[in-house]
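> Quick one: the structure is below, and I'll ask about it shortly.
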Amino acid sequence: MTPTLRACLWMIGAIMSFTAMAVAGRQISFALDTFEIMLYRSLLGIVIVVTVGGLAGTLNQIERRDLRLHGVRNLAHFTGQNLWFFAVASIPLAQVFALEFTTPIWVLLLSPLFLSERITRNGAIAALVGFVGVLIVTRPGSIPVTPGLLAAAGCAIFFALSAIFTRRLTQSHTITCILFYLTTMQAVFGLVCAGWDMDIALPSATTLPWLVVIGCAGLLAHFCLTTALSLAPATIVMPIDFARLPTVAIIGAVAYSEQLDPWLFLGAAFIVAGNYVNLRKPKRVLTT
């Protein structure tokens, strides 16, 4: 099995985990704000990382090199994740995911600056086709601009930066090390932001199970994503995430009675086509 194929399989796990996290985030949005969700998710993540790392004997891989890079990466992700949770609670799930899917486009555009990865012809075509698909799904101008839509659009940029910095970290750090700083740093960010008004809501019997889902699914998603990025370039890995769109559209329709818009499936077809183009062997590298 080639590294690229293994990366694709890991991304399937990431897709399933991110989808579960979206549903759980929607379920508890009535009781907790985004900072509180991130705080509890990160605290649970610390327990999981330390436990699994201890059992696997990998805790000695946690080192203090590149703390600034860890900090920048986790600040970008923390910002993007808060915007994402806000959007999940505010607009239909399909719209959130459609706008979030501009992340691979930002990765393709920003990777040459941060990773010295050149844009292949297939990558450029994939970005264009995928972007057309997103435009078909969202149809700019046909729906009102709301804070939820702006949050969903903004989170894509921060998620792209997070993916790029993750790729840099995987070149010299283990997954245990990366996930440890992911959980600990974001727990601190969450505590500061959630506690600035000295009023942090505690989990209830209703919200606690969903917080567990968010914590486990979020950590598993990042484990899958980090592993995938260690096996293949970000410009290959991230477009696979487009498969979340039809998945979450069906879930939104079944669980929340969200309309299955025909434009959504037409856009999804473009996105899948973009994925196919990107995963083909590149024929030419574009200069940047």
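Identifiers in the structure tokens: chain A, B, ... in order shown; residue index from 1 per chain; ligand index from 1 in order shown.
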Quick one: everything within 10 Å of Phe223 (chain A), counting only C-alpha atoms, minus sequence neighbours fewer than 5 positions away in the same chain. Send it as a list of chain:residue names.
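Answer for this query is A:Trp10, A:Met11, A:Gly13, A:Ala14, A:Ile175, A:Thr176, A:Ile178, A:Leu179, A:Ala217, A:Gly218, A:Ala228, A:Leu229.
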> Could you save those same residues with C-alpha atoms as a PDB file, in the first residue's frame?

ATOM      1  CA  TRP A  10      -6.556   8.041   7.466  1.00  0.00           C
ATOM      2  CA  MET A  11      -8.523  10.944   6.005  1.00  0.00           C
ATOM      3  CA  GLY A  13     -11.277   8.381   9.642  1.00  0.00           C
ATOM      4  CA  ALA A  14     -10.855  12.135   9.972  1.00  0.00           C
ATOM      5  CA  ILE A 175       2.235  12.530  16.699  1.00  0.00           C
ATOM      6  CA  THR A 176       2.225  12.113  20.502  1.00  0.00           C
ATOM      7  CA  ILE A 178       2.015  17.256  18.481  1.00  0.00           C
ATOM      8  CA  LEU A 179      -1.231  16.077  20.078  1.00  0.00           C
ATOM      9  CA  ALA A 217     -13.851  12.611  17.979  1.00  0.00           C
ATOM     10  CA  GLY A 218     -11.810  15.804  17.887  1.00  0.00           C
ATOM     11  CA  ALA A 228      -2.224  11.618   6.841  1.00  0.00           C
ATOM     12  CA  LEU A 229      -0.120  14.781   6.640  1.00  0.00           C
TER      13      LEU A 229
END
> Would you return as a PyMOL selection string the members of region 53-83 of chain A that DSSP assigns to alpha helix (DSSP H) on this structure's backbone?
chain A and resi 53-56+67-83
> Closest to Ala152 (chain A) among A:Phe265, A:Trp106, A:Phe85, A:Trp210, using only C-alpha atoms?
A:Phe85
> Which one is closest to Thr79 (chain A): A:Leu99, A:Ile37, A:Phe189, A:Val47? Count only C-alpha atoms.
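That would be A:Phe189, the residue with the smallest distance to Thr79 (chain A).
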